[in-house]
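Below: the structure, in structure tokens.
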Amino acid sequence: MVPHLVPRQLVRLFRWQVACARGASVQPRTWAAACRIPSLLSPWGATGTSHLVCRSSSSTSPCAPEVVLTQERYPVTRLPFSVVSEEDLEAFERIIPGRVVTDPEVLEASNVDWLRTVRGGSKVLLRPRTSQEVAHILRYCHERNLAVNPQGGNTGMVGGSVPVFDEIILSTAQMNQVISFHSVSGTLVCQAGCVLEELSHYVEERGFVMPLDLGAKGSCHIGGNVATNAGGLRFLRYGSLHGTVLGLEVVLADGTILNCLTSLRKDNTGYDLKQLFIGSEGTLGVITAVSIQCPPKPTAVNVAFLGCPGFAEVLQTFSSCRGLLGEILSAYEFMDAECMRLVTHHLCLTSPVQESPFYVLIETSGSRAEHDAEKLSDFLEQVLSSGLVTDGTVATDQMKLKALWALRERISEALSQDGYVYKYDLSLPTERLYDLVPDLRARLGSRAKHVVGYGHLGDGNLHLNVTSEAFSPLLLDALEPYVYEWTARQRGSVSAEHGLGFRKRDVLSYSKPPEALRLMQQLKALLDPQGILNPYKTLPAQA
């Protein structure tokens, strides 16, 4: 347990850390009191052990139970698509020699989502390298009425990236080349299969950052990010992909290549067609290349990890944060006490602050360390002295920044080790953001193992998660449609950033009116009249 830290101690400690980062000389006796609290100087405590070293005894076993086929678990009927024949395999082999996969063991990983909740039965995986190869594949599938499941890093949360039946898996994994980067404008043009984390390294070496950051950045593809309109941890600072994506190259269902891969910031000519495909989850076309605006890399980054006595204080701290930190505020994340217990139990991470009902992670990023340090110090002094925050720690060096972020980013990983996970990604009015969590705890009682809430408070985005030992139809009936009805009453959205995929396609009407659903159906029929692109996803079954 970390001793309670009075306001002046934490503020002085932060100033000391900033001074040390600049190489300033600091008298040890001045900070003797702070140095007696080692966990405030290192998120791992005095030993400095990395959070990556320890492995929980409850880690997922390599002999995990087989995932039930989606068609057996859910009421879904196969549409009248053709079945892949030997002649089809021969045709694909001519288009992409040596990159047609039919090995069941290799296909297994692409048939199952990473949450291990849905499983398809595809017999074929195709690995094109160019947009022209994708065009040839889709043209052939269109003529043969073969259904196609576009797949990037397969990190989706709603079953949108894996087949439902035997759809052909079209992987973008080998479409992983950077096409161009402009060092003045910060415009990156790349193929859709580039991994987000690798792109981040690429642009950071050139003085820029990617405008989005996700917990799955080591696996997810930029094309999949755009196709699902991923939000992530930098949304508060840089906004959505609808604003940062400048252009797209998309292959339509009939094999037509739609080249809207512009790098212009301003282009007010006709309809902005790229917006149709951002968030369409591969149902309108296959994104093959992306042009995206990258902001300059901040030279001063700080992270504060704070404990709050209640959710009302979390909200008030956010109000103070926006007012006092202003333009340097880049992230404001929250998690409840149950989340902290899960990451410490399953992942062996260590909390750097004393136990609290809620925790807040605040990141600032700017161009002047002294300026940012002064603003952050003023903010910390105010929230600590007012009782909004009861304990906290700050970090300025890269290793400690990553350790604090791991507490937030790895919650989903910890949940996956706790049992079967029912995941809900909701947009709600900020003042009501957490109300559903205690409501569900009371409703579900002992039927649920854990009910937790965390997310991007600055964006009004709640990640609501319920775990149980195994999948339970009775528990699912208690959750749905209750969660969606509750969200609709608050005029919220049933999907803030994860998309709809297969698992949420039939709840779209809770967030969109009938007129909007009809227009979506008409757009799908126009661009994919045979419905071969990612069938059974995004739009309601009756559409």
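We label chains A, B, ... in the order they appear in the structure tokens, count residues from 1 in each chain, and number ligands from 1 in the order shown.
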Which residues are close to Asp254 in chain A, i.e. within 12 Å by only C-alpha atoms, leaving aside same-chain residues fewer than 3 positions away? Reply as a tab-separated table (two decimals) with N, CA and C atoms, in the first residue's frame.
```tsv
chain	number	residue	atom	x	y	z
A	134	VAL	N	-6.16	-7.71	-55.58
A	134	VAL	CA	-7.45	-7.68	-54.90
A	134	VAL	C	-8.58	-7.50	-55.92
A	135	ALA	N	-8.36	-6.61	-56.87
A	135	ALA	CA	-9.38	-6.35	-57.91
A	135	ALA	C	-9.67	-7.61	-58.71
A	136	HIS	N	-8.62	-8.35	-59.08
A	136	HIS	CA	-8.82	-9.58	-59.85
A	136	HIS	C	-9.58	-10.62	-59.03
A	137	ILE	N	-9.25	-10.71	-57.75
A	137	ILE	CA	-9.93	-11.68	-56.87
A	137	ILE	C	-11.42	-11.33	-56.74
A	138	LEU	N	-11.71	-10.06	-56.47
A	138	LEU	CA	-13.11	-9.67	-56.28
A	138	LEU	C	-13.90	-9.76	-57.58
A	139	ARG	N	-13.26	-9.46	-58.69
A	139	ARG	CA	-13.96	-9.58	-59.97
A	139	ARG	C	-14.37	-11.04	-60.21
A	140	TYR	N	-13.45	-11.94	-59.89
A	140	TYR	CA	-13.75	-13.36	-60.06
A	140	TYR	C	-14.86	-13.80	-59.09
A	141	CYS	N	-14.75	-13.38	-57.81
A	141	CYS	CA	-15.76	-13.77	-56.81
A	141	CYS	C	-17.13	-13.19	-57.16
A	142	HIS	N	-17.13	-11.99	-57.72
A	142	HIS	CA	-18.39	-11.37	-58.13
A	142	HIS	C	-19.06	-12.19	-59.23
A	143	GLU	N	-18.26	-12.63	-60.18
A	143	GLU	CA	-18.80	-13.44	-61.28
A	143	GLU	C	-19.29	-14.81	-60.81
A	144	ARG	N	-18.60	-15.36	-59.79
A	144	ARG	CA	-18.94	-16.70	-59.31
A	144	ARG	C	-19.90	-16.68	-58.12
A	145	ASN	N	-20.25	-15.47	-57.64
A	145	ASN	CA	-21.12	-15.33	-56.46
A	145	ASN	C	-20.51	-16.02	-55.24
A	146	LEU	N	-19.23	-15.76	-55.02
A	146	LEU	CA	-18.51	-16.28	-53.85
A	146	LEU	C	-18.40	-15.17	-52.80
A	147	ALA	N	-18.79	-15.47	-51.58
A	147	ALA	CA	-18.73	-14.49	-50.51
A	147	ALA	C	-17.30	-14.31	-50.02
A	148	VAL	N	-16.96	-13.07	-49.64
A	148	VAL	CA	-15.59	-12.72	-49.25
A	148	VAL	C	-15.60	-12.02	-47.90
A	250	VAL	N	-9.96	2.03	-52.67
A	250	VAL	CA	-10.91	0.98	-52.30
A	250	VAL	C	-11.23	0.14	-53.53
A	251	VAL	N	-11.29	-1.17	-53.34
A	251	VAL	CA	-11.72	-2.06	-54.41
A	251	VAL	C	-13.17	-2.44	-54.14
A	257	ILE	N	-11.50	-0.55	-59.09
A	257	ILE	CA	-10.61	0.15	-58.16
A	257	ILE	C	-11.03	1.61	-58.10
A	258	LEU	N	-11.47	2.04	-56.93
A	258	LEU	CA	-11.86	3.44	-56.70
A	258	LEU	C	-10.66	4.16	-56.08
A	284	LEU	N	-18.86	-2.46	-47.96
A	284	LEU	CA	-19.08	-1.68	-49.17
A	284	LEU	C	-17.91	-1.77	-50.14
A	285	GLY	N	-16.74	-2.13	-49.64
A	285	GLY	CA	-15.55	-2.23	-50.47
A	285	GLY	C	-14.38	-2.64	-49.59
A	286	VAL	N	-13.30	-3.07	-50.23
A	286	VAL	CA	-12.09	-3.48	-49.51
A	286	VAL	C	-11.07	-2.35	-49.59
A	526	LEU	N	-26.46	-0.77	-53.85
A	526	LEU	CA	-25.85	-0.08	-54.97
A	526	LEU	C	-24.41	-0.52	-55.20
A	527	LEU	N	-23.64	-0.56	-54.11
A	527	LEU	CA	-22.21	-0.85	-54.23
A	527	LEU	C	-21.90	-2.35	-54.23
A	528	ASP	N	-22.77	-3.15	-53.65
A	528	ASP	CA	-22.55	-4.60	-53.58
A	528	ASP	C	-23.87	-5.32	-53.79
A	529	PRO	N	-24.41	-5.28	-55.03
A	529	PRO	CA	-25.76	-5.81	-55.27
A	529	PRO	C	-25.93	-7.28	-54.94
A	530	GLN	N	-24.86	-8.08	-55.02
A	530	GLN	CA	-24.96	-9.50	-54.69
A	530	GLN	C	-24.69	-9.79	-53.22
A	531	GLY	N	-24.24	-8.76	-52.51
A	531	GLY	CA	-24.01	-8.91	-51.07
A	531	GLY	C	-22.84	-9.82	-50.71
A	532	ILE	N	-21.81	-9.88	-51.58
A	532	ILE	CA	-20.72	-10.82	-51.33
A	532	ILE	C	-19.69	-10.31	-50.33
A	533	LEU	N	-19.67	-8.98	-50.07
A	533	LEU	CA	-18.65	-8.42	-49.20
A	533	LEU	C	-19.07	-8.46	-47.73
```
>> Quick one: residues within 12 Å of range 517-522 of chain A, only C-alpha atoms, excluding same-chain residues fewer than 5 positions away - as a ChimeraX atom specification?
In response: /A:276-277,280,283-284,505-512,527-529,531,538-543
>> At a cut-off of 7 Å, using only C-alpha atoms, what residues contact range 463-476 of chain A? Leave out same-chain residues fewer than 6 positions from it and give the result as a ChimeraX atom specification.
In response: /A:418-426,447-455
Near range 348-369 of chain A, 7 Å: range 383-428 of chain A residue rows, closest pairs, only C-alpha atoms, as a Markdown table:
```
| residue | atom | partner | partner_atom | distance |
| --- | --- | --- | --- | --- |
| A:Asp391 | CA | A:Val353 | CA | 6.1 |
| A:Gly392 | CA | A:Val353 | CA | 5.6 |
| A:Thr393 | CA | A:Val353 | CA | 6.8 |
```
Kindly save the residues from that selection, with N, CA, C and O atoms included, as a CSV table (one decimal), in the first residue's frame.
```
chain,number,residue,atom,x,y,z
A,391,ASP,N,-4.8,10.4,-4.2
A,391,ASP,CA,-3.4,9.9,-4.3
A,391,ASP,C,-3.1,9.9,-5.8
A,391,ASP,O,-3.9,9.9,-6.7
A,392,GLY,N,-1.8,9.8,-6.1
A,392,GLY,CA,-1.4,9.8,-7.5
A,392,GLY,C,0.1,9.7,-7.7
A,392,GLY,O,0.9,9.7,-6.7
A,393,THR,N,0.5,9.5,-8.9
A,393,THR,CA,1.9,9.4,-9.3
A,393,THR,C,2.0,10.0,-10.7
A,393,THR,O,1.0,10.1,-11.4
```
> For Val226 in chain A, which residue out of A:Leu196, A:Leu264, A:Val178, A:Val101 is the nearest one, using only C-alpha atoms?
Replying inline: A:Leu196
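Nearest residue to Glu105 in chain A among A:Lys123, A:Thr117, A:Gln191, A:Leu342 is A:Lys123, counting only C-alpha atoms.
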> How many Å lie between CA of Pro128 in chain A and CA of Asn176 in chain A, rounded to one decimal?
Replying inline: 10.6 Å
> Hey, what does DSSP flag as helix (DSSP H, G or I) within range 113-217 of chain A? Can you give it to me as a list of chain:residue names?
Replying inline: A:Ser131, A:Gln132, A:Glu133, A:Val134, A:Ala135, A:His136, A:Ile137, A:Leu138, A:Arg139, A:Tyr140, A:Cys141, A:His142, A:Glu143, A:Arg144, A:Leu196, A:Glu197, A:Glu198, A:Leu199, A:Ser200, A:His201, A:Tyr202, A:Val203, A:Glu204
Could you write those residues out with N, CA and C atoms, as a PDB file, in the first residue's frame?
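What ended up in out.pdb:
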```
ATOM      1  N   SER A 131      -3.235  -3.882 -54.967  1.00  0.00           N
ATOM      2  CA  SER A 131      -4.641  -3.548 -55.220  1.00  0.00           C
ATOM      3  C   SER A 131      -5.148  -4.246 -56.474  1.00  0.00           C
ATOM      4  N   GLN A 132      -4.262  -4.396 -57.467  1.00  0.00           N
ATOM      5  CA  GLN A 132      -4.662  -5.064 -58.707  1.00  0.00           C
ATOM      6  C   GLN A 132      -5.016  -6.525 -58.440  1.00  0.00           C
ATOM      7  N   GLU A 133      -4.259  -7.184 -57.558  1.00  0.00           N
ATOM      8  CA  GLU A 133      -4.568  -8.571 -57.217  1.00  0.00           C
ATOM      9  C   GLU A 133      -5.908  -8.663 -56.488  1.00  0.00           C
ATOM     10  N   VAL A 134      -6.155  -7.714 -55.583  1.00  0.00           N
ATOM     11  CA  VAL A 134      -7.452  -7.681 -54.896  1.00  0.00           C
ATOM     12  C   VAL A 134      -8.578  -7.500 -55.916  1.00  0.00           C
ATOM     13  N   ALA A 135      -8.364  -6.613 -56.872  1.00  0.00           N
ATOM     14  CA  ALA A 135      -9.376  -6.350 -57.906  1.00  0.00           C
ATOM     15  C   ALA A 135      -9.667  -7.613 -58.712  1.00  0.00           C
ATOM     16  N   HIS A 136      -8.619  -8.354 -59.084  1.00  0.00           N
ATOM     17  CA  HIS A 136      -8.821  -9.584 -59.849  1.00  0.00           C
ATOM     18  C   HIS A 136      -9.585 -10.620 -59.029  1.00  0.00           C
ATOM     19  N   ILE A 137      -9.251 -10.711 -57.745  1.00  0.00           N
ATOM     20  CA  ILE A 137      -9.932 -11.675 -56.870  1.00  0.00           C
ATOM     21  C   ILE A 137     -11.417 -11.329 -56.743  1.00  0.00           C
ATOM     22  N   LEU A 138     -11.713 -10.060 -56.474  1.00  0.00           N
ATOM     23  CA  LEU A 138     -13.110  -9.672 -56.277  1.00  0.00           C
ATOM     24  C   LEU A 138     -13.903  -9.759 -57.576  1.00  0.00           C
ATOM     25  N   ARG A 139     -13.264  -9.460 -58.686  1.00  0.00           N
ATOM     26  CA  ARG A 139     -13.963  -9.579 -59.966  1.00  0.00           C
ATOM     27  C   ARG A 139     -14.366 -11.037 -60.209  1.00  0.00           C
ATOM     28  N   TYR A 140     -13.451 -11.938 -59.892  1.00  0.00           N
ATOM     29  CA  TYR A 140     -13.750 -13.364 -60.061  1.00  0.00           C
ATOM     30  C   TYR A 140     -14.858 -13.803 -59.090  1.00  0.00           C
ATOM     31  N   CYS A 141     -14.753 -13.383 -57.810  1.00  0.00           N
ATOM     32  CA  CYS A 141     -15.762 -13.767 -56.811  1.00  0.00           C
ATOM     33  C   CYS A 141     -17.130 -13.194 -57.160  1.00  0.00           C
ATOM     34  N   HIS A 142     -17.130 -11.995 -57.717  1.00  0.00           N
ATOM     35  CA  HIS A 142     -18.388 -11.373 -58.126  1.00  0.00           C
ATOM     36  C   HIS A 142     -19.057 -12.190 -59.233  1.00  0.00           C
ATOM     37  N   GLU A 143     -18.262 -12.635 -60.176  1.00  0.00           N
ATOM     38  CA  GLU A 143     -18.805 -13.437 -61.276  1.00  0.00           C
ATOM     39  C   GLU A 143     -19.287 -14.809 -60.807  1.00  0.00           C
ATOM     40  N   ARG A 144     -18.604 -15.364 -59.791  1.00  0.00           N
ATOM     41  CA  ARG A 144     -18.935 -16.702 -59.308  1.00  0.00           C
ATOM     42  C   ARG A 144     -19.900 -16.675 -58.117  1.00  0.00           C
ATOM     43  N   LEU A 196      -0.286  -0.916 -37.254  1.00  0.00           N
ATOM     44  CA  LEU A 196      -0.324   0.424 -36.675  1.00  0.00           C
ATOM     45  C   LEU A 196       0.942   0.760 -35.902  1.00  0.00           C
ATOM     46  N   GLU A 197       1.430  -0.164 -35.101  1.00  0.00           N
ATOM     47  CA  GLU A 197       2.618   0.117 -34.288  1.00  0.00           C
ATOM     48  C   GLU A 197       3.849   0.342 -35.171  1.00  0.00           C
ATOM     49  N   GLU A 198       3.963  -0.400 -36.261  1.00  0.00           N
ATOM     50  CA  GLU A 198       5.093  -0.212 -37.164  1.00  0.00           C
ATOM     51  C   GLU A 198       5.005   1.139 -37.872  1.00  0.00           C
ATOM     52  N   LEU A 199       3.795   1.546 -38.221  1.00  0.00           N
ATOM     53  CA  LEU A 199       3.620   2.878 -38.794  1.00  0.00           C
ATOM     54  C   LEU A 199       3.984   3.963 -37.780  1.00  0.00           C
ATOM     55  N   SER A 200       3.620   3.729 -36.522  1.00  0.00           N
ATOM     56  CA  SER A 200       3.961   4.685 -35.466  1.00  0.00           C
ATOM     57  C   SER A 200       5.471   4.868 -35.367  1.00  0.00           C
ATOM     58  N   HIS A 201       6.212   3.757 -35.372  1.00  0.00           N
ATOM     59  CA  HIS A 201       7.679   3.845 -35.332  1.00  0.00           C
ATOM     60  C   HIS A 201       8.208   4.597 -36.557  1.00  0.00           C
ATOM     61  N   TYR A 202       7.633   4.300 -37.705  1.00  0.00           N
ATOM     62  CA  TYR A 202       8.087   4.922 -38.954  1.00  0.00           C
ATOM     63  C   TYR A 202       7.938   6.441 -38.906  1.00  0.00           C
ATOM     64  N   VAL A 203       6.763   6.924 -38.519  1.00  0.00           N
ATOM     65  CA  VAL A 203       6.550   8.385 -38.538  1.00  0.00           C
ATOM     66  C   VAL A 203       7.246   9.070 -37.361  1.00  0.00           C
ATOM     67  N   GLU A 204       7.375   8.371 -36.218  1.00  0.00           N
ATOM     68  CA  GLU A 204       8.058   8.977 -35.083  1.00  0.00           C
ATOM     69  C   GLU A 204       9.537   9.213 -35.379  1.00  0.00           C
TER      70      GLU A 204
END
```
All residues 7 Å or closer to range 67-74 of chain A, only C-alpha atoms, same chain fewer than 6 positions away omitted, as a PDB file with C-alpha atoms, in the first residue's frame:
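Listing of around-v6.pdb after writing:
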```
ATOM      1  CA  ARG A 116     -12.511 -16.491 -28.958  1.00  0.00           C
ATOM      2  CA  THR A 117     -16.263 -15.852 -29.087  1.00  0.00           C
ATOM      3  CA  VAL A 118     -17.065 -16.473 -32.774  1.00  0.00           C
ATOM      4  CA  ARG A 119     -15.718 -19.007 -35.261  1.00  0.00           C
ATOM      5  CA  GLY A 120     -16.190 -19.404 -38.989  1.00  0.00           C
ATOM      6  CA  VAL A 164     -19.687 -16.693 -40.260  1.00  0.00           C
ATOM      7  CA  PHE A 165     -19.901 -19.660 -42.626  1.00  0.00           C
TER       8      PHE A 165
END
```
